[in-house]
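Q: What follows is a structure written as structure tokens; I'll ask about it next.
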There are 2 protein chains.
Amino acid sequence: MPERLGPPLEQPLFNRLVIVGLGLIGSSLARAARHLHLARTVVAADASPAVRARVAELGIVDEVAPSVAEAVRGADYVILCVPVGACGAVAAEMSGALVPGAIVSDVGSVKGSVVAQVQPHLTSGVHFVPAHPVAGTEHSGPDAGFATLFHGRWCILTPPEGTDPDPVAQVRAFWEALGSNVEIMTPQHHDLVLAITSHVPHLIAYNIVGTAADLEEVTQSEVIKFSAGGFRDFTRIAASDPTMWRDVFLNNKDAVLEMLGRFNEDLSALQRAIRWNDGEALFNLFSRTRTIRRGIIDVGQETPEPDFGRRKAD
Amino acid sequence: MPERLGPPLEQPLFNRLVIVGLGLIGSSLARAARHLHLARTVVAADASPAVRARVAELGIVDEVAPSVAEAVRGADYVILCVPVGACGAVAAEMSGALVPGAIVSDVGSVKGSVVAQVQPHLTSGVHFVPAHPVAGTEHSGPDAGFATLFHGRWCILTPPEGTDPDPVAQVRAFWEALGSNVEIMTPQHHDLVLAITSHVPHLIAYNIVGTAADLEEVTQSEVIKFSAGGFRDFTRIAASDPTMWRDVFLNNKDAVLEMLGRFNEDLSALQRAIRWNDGEALFNLFSRTRTIRRGIIDVGQETPEPDFGRRKAD
Ligand SMILES: NC(=O)c1ccc[n+]([C@@H]2O[C@H](COP(=O)([O-])OP(=O)(O)OC[C@H]3O[C@@H](n4cnc5c(N)ncnc54)[C@H](OP(=O)(O)O)[C@@H]3O)[C@@H](O)[C@H]2O)c1
Ligand SMILES: NC(=O)c1ccc[n+]([C@@H]2O[C@H](COP(=O)([O-])OP(=O)(O)OC[C@H]3O[C@@H](n4cnc5c(N)ncnc54)[C@H](OP(=O)(O)O)[C@@H]3O)[C@@H](O)[C@H]2O)c1
């Protein structure tokens, strides 16, 4: 599978790459960075002793550090791969140990809040280039990662105003080496875009699965048995990591509530159309939504196979 | 692929099986019935001349009839595979041509309304056994069908009170021969179960795709590019056939509005939790929803592979 990533670089982009948090994203980065030789040394730091032990066992990094502060000593590139709500604490832990010229980045699903949490802890000469790879699965932990996760996906960089262009170019080169397309936007715009393309979809998926679980007229076993009519797709999304998603909603409150408000308005209109037998309004919306899917398939962000290419009748 | 279905029957279950409407479901039934030799003759009827021509070209039935009335002459088993709103009209067309002892069935996603539409047209001695296979894809038309669509899936039968047990047993045997598990319930209960496991999920998927298409702050091209964060899964569901789904909502109004009301209540609570930074409430819901997915995977209605087993980084 990692063949698709291409051959290792002859000259690594970085000397000492530290990944803090070896979950789905962090462990995927470690695997890809090792495979492609993007850094001379890949170092892991994680708050969880169990994760550290497992990462050592998997052999996906060169070094497992006992603490964040130890890990980042001498690092030229540090990537925070912890839940969004933990970024400030990790930045505080490492701040004294970072040398001028080092680049700090992250992979958080929210950007405005991460910038606000991390920047105050960074000493002068340390560069901060926030990043968010728009790629993932419903699984988490170091065993869930794989080197091609970012291949063919977008990574959004949101350098705060005044960031040096050089570190931005280096972070861009890193993600491009992983096979990602890179786009640059402000943290605020990122948070709005992701609210509608990721955060609100997750919220309503969690919500409907919760609603279904709480019914009295329909049993849980009926919901499970007859889920192939559409419901089961929502359960995939609603199986994502609870800590990560709690942090996303707490840290992107304004944009999520704004998009949710629009979703609710539109849903009220649909509800009204059903109540008043307005078949034309329903038909029009149901026809219009197909073009967006076609667009997603055309730009290669989705497989055109029916049922996502799930094996037929699994 | 059809090997999974097993060998053809030595004795077919029916003599003349008529399928009215050769879309995704009808053409899948035709393919499977032919492959398994479930009837001596498989006959197709469809309102659309283009579909009739395509079905003849595909060679998936023994006979393409010029009209519904011609098709059902001498039939012992007729399955309506047309949109739910068209069932009454089709029943009216065929009513005079059906012989006593014939079994009429359907595959509609709503059952109460289909019973109400079809029953008045059936002459005495004709049996009606409504059915709903809980299986499908986002594609439609005769080219989209495949013989294993129903394999390992549930088919719900909703015989109205007073239906003879014999025809019910025959319809059950038919679906079991296709590889389905059969469950029997009332039309009313069916409509409630499917409202939460299929109809409301489709409605909110259509709705969020519509909301995303209408934003001014986020462009359509951004929505498409960054859809891999969750949104694209919703677009699959929202790419389903507009006519079929319009009919579902118009014909299962009460149950859909009831379930939608609960969905909305729960969503308001979530919205409130976000507004008031109630991380615990969020975390609790997000943890609870995972068990339902585990259940779905355990009973074989879903693949455990990440991302539905989509090829990695397609
Ligand atoms: N999953 C996705 O689909 C996805 C996609 C794009 C971006 N992201 C972002 O990527 C980040 C990580 O997500 P993930 O899915 O990889 O999460 P994950 O699999 O849950 O892994 C997170 C890891 O970070 C560790 N950690 C937590 N707090 C820490 C701290 N203070 N110091 C050091 N380590 C700490 C966790 O240890 P414990 O096990 O002890 O908690 C865990 O090993 C999040 O910010 C998320 O928003 C996720
Ligand atoms: N798709 C699913 O996932 C799924 C799953 C379970 C059950 N169902 C149910 O299965 C039924 C068919 O769905 P489908 O997805 O197979 O639809 P489809 O692919 O759109 O096919 C329906 C076919 O019926 C024809 N038709 C429409 N009105 C007719 C009439 N009055 N007389 C004769 N033929 C007529 C259509 O012709 P035109 O092309 O001229 O319209 C079309 O060829 C619906 O009741 C639906 O609720 C669907």
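Following the order of the structure tokens, first chain is A, next is B, and so on, with residues numbered from 1 inside each chain and ligands from 1 in the order they appear.
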Can you pull out every residue within 10 Å of Asn251 (chain A), counting only C-alpha atoms, but drop anything in the same chain fewer than 2 positions away, and send it as a PyMOL selection string?
A: (chain A and resi 84-85+109-114+191+245-249+253-256) or (chain B and resi 274+277)
Q: Determine, counting only C-alpha atoms, which protein, DNA and RNA residues have an atom within 7 Å of an atom of Asp62 (chain A); residues of the same chain fewer than 5 positions away are not included. Present the result as a list in words.
A: Thr41, Val42 and Val43 of chain A
Q: Distance limit 6 Å, reference ligand 1, atoms considered: only C-alpha atoms and all ligand atoms. Which residues make the cut? Give them as number ranges by chain.
A: A: 20-26, 46-48, 51, 81-84, 86, 90, 107-109, 132-137, 140-141, 244
Q: Go ahead and dump the residues you just picked, N, CA and C atoms, as a PDB file, in the first residue's frame.
A:
ATOM      1  N   VAL A  20       3.607  14.822  18.909  1.00  0.00           N
ATOM      2  CA  VAL A  20       3.029  14.732  20.254  1.00  0.00           C
ATOM      3  C   VAL A  20       1.594  14.213  20.120  1.00  0.00           C
ATOM      4  N   GLY A  21       1.325  13.032  20.649  1.00  0.00           N
ATOM      5  CA  GLY A  21       0.008  12.401  20.528  1.00  0.00           C
ATOM      6  C   GLY A  21       0.031  11.405  19.386  1.00  0.00           C
ATOM      7  N   LEU A  22       0.125  10.107  19.719  1.00  0.00           N
ATOM      8  CA  LEU A  22       0.278   9.096  18.666  1.00  0.00           C
ATOM      9  C   LEU A  22      -1.026   8.357  18.450  1.00  0.00           C
ATOM     10  N   GLY A  23      -2.090   9.099  18.158  1.00  0.00           N
ATOM     11  CA  GLY A  23      -3.369   8.455  17.846  1.00  0.00           C
ATOM     12  C   GLY A  23      -3.464   8.180  16.360  1.00  0.00           C
ATOM     13  N   LEU A  24      -4.673   8.199  15.838  1.00  0.00           N
ATOM     14  CA  LEU A  24      -4.887   7.955  14.409  1.00  0.00           C
ATOM     15  C   LEU A  24      -4.004   8.865  13.563  1.00  0.00           C
ATOM     16  N   ILE A  25      -4.070  10.167  13.843  1.00  0.00           N
ATOM     17  CA  ILE A  25      -3.370  11.129  12.996  1.00  0.00           C
ATOM     18  C   ILE A  25      -1.870  11.094  13.268  1.00  0.00           C
ATOM     19  N   GLY A  26      -1.490  11.173  14.538  1.00  0.00           N
ATOM     20  CA  GLY A  26      -0.066  11.185  14.881  1.00  0.00           C
ATOM     21  C   GLY A  26       0.646   9.927  14.408  1.00  0.00           C
ATOM     22  N   ASP A  46       3.767  11.107  24.183  1.00  0.00           N
ATOM     23  CA  ASP A  46       2.328  10.912  24.420  1.00  0.00           C
ATOM     24  C   ASP A  46       2.098  10.871  25.923  1.00  0.00           C
ATOM     25  N   ALA A  47       0.993  11.461  26.360  1.00  0.00           N
ATOM     26  CA  ALA A  47       0.686  11.502  27.782  1.00  0.00           C
ATOM     27  C   ALA A  47       0.412  10.104  28.333  1.00  0.00           C
ATOM     28  N   SER A  48      -0.016   9.197  27.471  1.00  0.00           N
ATOM     29  CA  SER A  48      -0.441   7.888  27.933  1.00  0.00           C
ATOM     30  C   SER A  48       0.694   6.863  27.879  1.00  0.00           C
ATOM     31  N   VAL A  51       0.025   4.125  25.406  1.00  0.00           N
ATOM     32  CA  VAL A  51       0.272   4.489  24.007  1.00  0.00           C
ATOM     33  C   VAL A  51       1.767   4.485  23.723  1.00  0.00           C
ATOM     34  N   CYS A  81      -0.534  16.482  17.847  1.00  0.00           N
ATOM     35  CA  CYS A  81      -1.602  15.622  17.315  1.00  0.00           C
ATOM     36  C   CYS A  81      -2.495  15.165  18.460  1.00  0.00           C
ATOM     37  N   VAL A  82      -2.766  16.083  19.366  1.00  0.00           N
ATOM     38  CA  VAL A  82      -3.610  15.784  20.530  1.00  0.00           C
ATOM     39  C   VAL A  82      -4.979  16.420  20.310  1.00  0.00           C
ATOM     40  N   PRO A  83      -5.980  16.053  21.111  1.00  0.00           N
ATOM     41  CA  PRO A  83      -7.288  16.700  20.968  1.00  0.00           C
ATOM     42  C   PRO A  83      -7.145  18.217  21.090  1.00  0.00           C
ATOM     43  N   VAL A  84      -7.995  18.931  20.383  1.00  0.00           N
ATOM     44  CA  VAL A  84      -7.895  20.383  20.304  1.00  0.00           C
ATOM     45  C   VAL A  84      -7.813  21.042  21.685  1.00  0.00           C
ATOM     46  N   ALA A  86      -6.388  20.070  24.293  1.00  0.00           N
ATOM     47  CA  ALA A  86      -5.139  19.799  25.024  1.00  0.00           C
ATOM     48  C   ALA A  86      -3.966  20.586  24.460  1.00  0.00           C
ATOM     49  N   VAL A  90      -0.114  21.313  26.186  1.00  0.00           N
ATOM     50  CA  VAL A  90       1.101  20.754  25.575  1.00  0.00           C
ATOM     51  C   VAL A  90       2.070  21.879  25.209  1.00  0.00           C
ATOM     52  N   VAL A 107      -2.434  19.496  14.027  1.00  0.00           N
ATOM     53  CA  VAL A 107      -3.341  18.874  13.050  1.00  0.00           C
ATOM     54  C   VAL A 107      -4.785  19.059  13.493  1.00  0.00           C
ATOM     55  N   GLY A 108      -5.015  19.961  14.426  1.00  0.00           N
ATOM     56  CA  GLY A 108      -6.334  20.104  15.055  1.00  0.00           C
ATOM     57  C   GLY A 108      -7.444  20.446  14.068  1.00  0.00           C
ATOM     58  N   SER A 109      -8.633  19.941  14.356  1.00  0.00           N
ATOM     59  CA  SER A 109      -9.795  20.144  13.493  1.00  0.00           C
ATOM     60  C   SER A 109     -10.397  21.542  13.649  1.00  0.00           C
ATOM     61  N   HIS A 132      -4.300  21.564   9.298  1.00  0.00           N
ATOM     62  CA  HIS A 132      -5.391  20.605   9.503  1.00  0.00           C
ATOM     63  C   HIS A 132      -5.549  19.725   8.277  1.00  0.00           C
ATOM     64  N   PRO A 133      -5.124  18.475   8.395  1.00  0.00           N
ATOM     65  CA  PRO A 133      -5.339  17.535   7.289  1.00  0.00           C
ATOM     66  C   PRO A 133      -6.804  17.098   7.283  1.00  0.00           C
ATOM     67  N   VAL A 134      -7.477  17.309   6.157  1.00  0.00           N
ATOM     68  CA  VAL A 134      -8.892  16.918   6.075  1.00  0.00           C
ATOM     69  C   VAL A 134      -8.939  15.458   5.625  1.00  0.00           C
ATOM     70  N   ALA A 135      -8.695  14.583   6.581  1.00  0.00           N
ATOM     71  CA  ALA A 135      -8.618  13.149   6.312  1.00  0.00           C
ATOM     72  C   ALA A 135      -8.792  12.455   7.643  1.00  0.00           C
ATOM     73  N   GLY A 136      -9.389  11.297   7.620  1.00  0.00           N
ATOM     74  CA  GLY A 136      -9.546  10.581   8.881  1.00  0.00           C
ATOM     75  C   GLY A 136     -10.410   9.346   8.679  1.00  0.00           C
ATOM     76  N   THR A 137     -10.549   8.597   9.755  1.00  0.00           N
ATOM     77  CA  THR A 137     -11.480   7.473   9.776  1.00  0.00           C
ATOM     78  C   THR A 137     -12.191   7.555  11.117  1.00  0.00           C
ATOM     79  N   SER A 140      -9.517   5.294  16.279  1.00  0.00           N
ATOM     80  CA  SER A 140      -8.484   6.118  16.888  1.00  0.00           C
ATOM     81  C   SER A 140      -7.423   5.240  17.544  1.00  0.00           C
ATOM     82  N   GLY A 141      -6.374   5.880  18.030  1.00  0.00           N
ATOM     83  CA  GLY A 141      -5.282   5.144  18.664  1.00  0.00           C
ATOM     84  C   GLY A 141      -4.185   4.786  17.672  1.00  0.00           C
ATOM     85  N   MET A 244     -12.139  13.777  21.214  1.00  0.00           N
ATOM     86  CA  MET A 244     -11.807  14.647  20.087  1.00  0.00           C
ATOM     87  C   MET A 244     -13.006  15.513  19.716  1.00  0.00           C
TER      88      MET A 244
END
Q: What's the 9 Å shell around His37 (chain A), counting only C-alpha atoms, without same-chain residues fewer than 4 positions away, as number ranges by chain?
A: A: 7-13, 32-33, 41
Q: Measure the distance from CA of Arg275 (chain B) to CA of Phe231 (chain A) in Å and round it to one decimal.
A: 27.1 Å
Q: Which residue gives the smallest distance to chain B among A:Gly162, A:Pro2, A:Gly125, A:Gly74, with only C-alpha atoms counted?
A: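 Closest residue, counting only C-alpha atoms: A:Pro2.
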Q: Tell me, which residues of region 81-313 of chain A carry DSSP strand (DSSP E or B), written as a PDB file with N, CA, C and O atoms, in the first residue's frame?
A:
ATOM      1  N   ILE A 103      10.001  24.978  14.268  1.00  0.00           N
ATOM      2  CA  ILE A 103       8.645  25.175  13.753  1.00  0.00           C
ATOM      3  C   ILE A 103       7.691  24.316  14.564  1.00  0.00           C
ATOM      4  O   ILE A 103       7.900  23.107  14.712  1.00  0.00           O
ATOM      5  N   VAL A 104       6.645  24.936  15.081  1.00  0.00           N
ATOM      6  CA  VAL A 104       5.587  24.189  15.764  1.00  0.00           C
ATOM      7  C   VAL A 104       4.378  24.179  14.846  1.00  0.00           C
ATOM      8  O   VAL A 104       4.028  25.197  14.250  1.00  0.00           O
ATOM      9  N   SER A 105       3.760  23.009  14.733  1.00  0.00           N
ATOM     10  CA  SER A 105       2.548  22.896  13.931  1.00  0.00           C
ATOM     11  C   SER A 105       1.582  21.987  14.668  1.00  0.00           C
ATOM     12  O   SER A 105       1.867  21.519  15.777  1.00  0.00           O
ATOM     13  N   ASP A 106       0.419  21.752  14.089  1.00  0.00           N
ATOM     14  CA  ASP A 106      -0.553  20.863  14.718  1.00  0.00           C
ATOM     15  C   ASP A 106      -1.405  20.254  13.627  1.00  0.00           C
ATOM     16  O   ASP A 106      -1.141  20.467  12.429  1.00  0.00           O
ATOM     17  N   HIS A 127       8.499  29.447  15.337  1.00  0.00           N
ATOM     18  CA  HIS A 127       7.442  29.712  14.348  1.00  0.00           C
ATOM     19  C   HIS A 127       6.247  28.809  14.569  1.00  0.00           C
ATOM     20  O   HIS A 127       6.414  27.632  14.877  1.00  0.00           O
ATOM     21  N   PHE A 128       5.068  29.360  14.350  1.00  0.00           N
ATOM     22  CA  PHE A 128       3.867  28.545  14.512  1.00  0.00           C
ATOM     23  C   PHE A 128       3.087  28.521  13.190  1.00  0.00           C
ATOM     24  O   PHE A 128       2.658  29.564  12.691  1.00  0.00           O
ATOM     25  N   VAL A 129       2.924  27.325  12.636  1.00  0.00           N
ATOM     26  CA  VAL A 129       2.192  27.153  11.378  1.00  0.00           C
ATOM     27  C   VAL A 129       1.090  26.116  11.590  1.00  0.00           C
ATOM     28  O   VAL A 129       1.305  24.920  11.423  1.00  0.00           O
ATOM     29  N   ALA A 131      -1.954  23.614  11.101  1.00  0.00           N
ATOM     30  CA  ALA A 131      -2.341  22.814   9.933  1.00  0.00           C
ATOM     31  C   ALA A 131      -3.513  21.912  10.298  1.00  0.00           C
ATOM     32  O   ALA A 131      -3.685  21.545  11.456  1.00  0.00           O
ATOM     33  N   HIS A 132      -4.300  21.564   9.298  1.00  0.00           N
ATOM     34  CA  HIS A 132      -5.391  20.605   9.503  1.00  0.00           C
ATOM     35  C   HIS A 132      -5.549  19.725   8.277  1.00  0.00           C
ATOM     36  O   HIS A 132      -6.049  20.159   7.254  1.00  0.00           O
ATOM     37  N   PRO A 133      -5.124  18.475   8.395  1.00  0.00           N
ATOM     38  CA  PRO A 133      -5.339  17.535   7.289  1.00  0.00           C
ATOM     39  C   PRO A 133      -6.804  17.098   7.283  1.00  0.00           C
ATOM     40  O   PRO A 133      -7.302  16.606   8.302  1.00  0.00           O
ATOM     41  N   VAL A 134      -7.477  17.309   6.157  1.00  0.00           N
ATOM     42  CA  VAL A 134      -8.892  16.918   6.075  1.00  0.00           C
ATOM     43  C   VAL A 134      -8.939  15.458   5.625  1.00  0.00           C
ATOM     44  O   VAL A 134      -9.165  15.144   4.454  1.00  0.00           O
ATOM     45  N   TRP A 154      -6.760  16.972   1.204  1.00  0.00           N
ATOM     46  CA  TRP A 154      -6.347  18.354   1.390  1.00  0.00           C
ATOM     47  C   TRP A 154      -5.794  18.553   2.784  1.00  0.00           C
ATOM     48  O   TRP A 154      -6.277  17.946   3.757  1.00  0.00           O
ATOM     49  N   CYS A 155      -4.777  19.437   2.869  1.00  0.00           N
ATOM     50  CA  CYS A 155      -4.320  19.898   4.181  1.00  0.00           C
ATOM     51  C   CYS A 155      -4.406  21.416   4.159  1.00  0.00           C
ATOM     52  O   CYS A 155      -3.907  22.065   3.242  1.00  0.00           O
ATOM     53  N   ILE A 156      -5.094  21.975   5.164  1.00  0.00           N
ATOM     54  CA  ILE A 156      -5.290  23.425   5.219  1.00  0.00           C
ATOM     55  C   ILE A 156      -4.302  24.035   6.208  1.00  0.00           C
ATOM     56  O   ILE A 156      -4.239  23.603   7.363  1.00  0.00           O
ATOM     57  N   LEU A 157      -3.526  24.999   5.765  1.00  0.00           N
ATOM     58  CA  LEU A 157      -2.626  25.733   6.663  1.00  0.00           C
ATOM     59  C   LEU A 157      -3.256  27.084   6.975  1.00  0.00           C
ATOM     60  O   LEU A 157      -3.823  27.729   6.094  1.00  0.00           O
ATOM     61  N   ASN A 181      -2.727  17.854  -0.994  1.00  0.00           N
ATOM     62  CA  ASN A 181      -2.836  19.165  -1.627  1.00  0.00           C
ATOM     63  C   ASN A 181      -2.926  20.187  -0.504  1.00  0.00           C
ATOM     64  O   ASN A 181      -3.647  19.957   0.468  1.00  0.00           O
ATOM     65  N   VAL A 182      -2.246  21.294  -0.650  1.00  0.00           N
ATOM     66  CA  VAL A 182      -2.220  22.269   0.442  1.00  0.00           C
ATOM     67  C   VAL A 182      -2.986  23.527   0.053  1.00  0.00           C
ATOM     68  O   VAL A 182      -2.872  24.004  -1.071  1.00  0.00           O
ATOM     69  N   GLU A 183      -3.776  24.029   0.973  1.00  0.00           N
ATOM     70  CA  GLU A 183      -4.482  25.293   0.759  1.00  0.00           C
ATOM     71  C   GLU A 183      -4.231  26.166   1.988  1.00  0.00           C
ATOM     72  O   GLU A 183      -4.138  25.661   3.107  1.00  0.00           O
ATOM     73  N   ILE A 184      -4.140  27.470   1.761  1.00  0.00           N
ATOM     74  CA  ILE A 184      -3.891  28.391   2.877  1.00  0.00           C
ATOM     75  C   ILE A 184      -5.103  29.290   3.055  1.00  0.00           C
ATOM     76  O   ILE A 184      -5.657  29.793   2.077  1.00  0.00           O
TER      77      ILE A 184
END
Q: What is the CA of His199 (chain B) to atom 47 (O, counted along the ligand's line) of ligand 2 distance in Å?
A: 10.4 Å
Q: To one decimal in Å, tell me the separation between CA of Arg73 (chain A) and CA of Ala92 (chain A).
A: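 These two atoms are separated by 14.0 Å.
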Q: Quick one: of A:Ala228, A:Val68, A:Leu257, A:Leu285, who's nearest to ligand 2, counting only C-alpha atoms and all ligand atoms?
A: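 Selected residue with least distance to ligand 2: A:Ala228.
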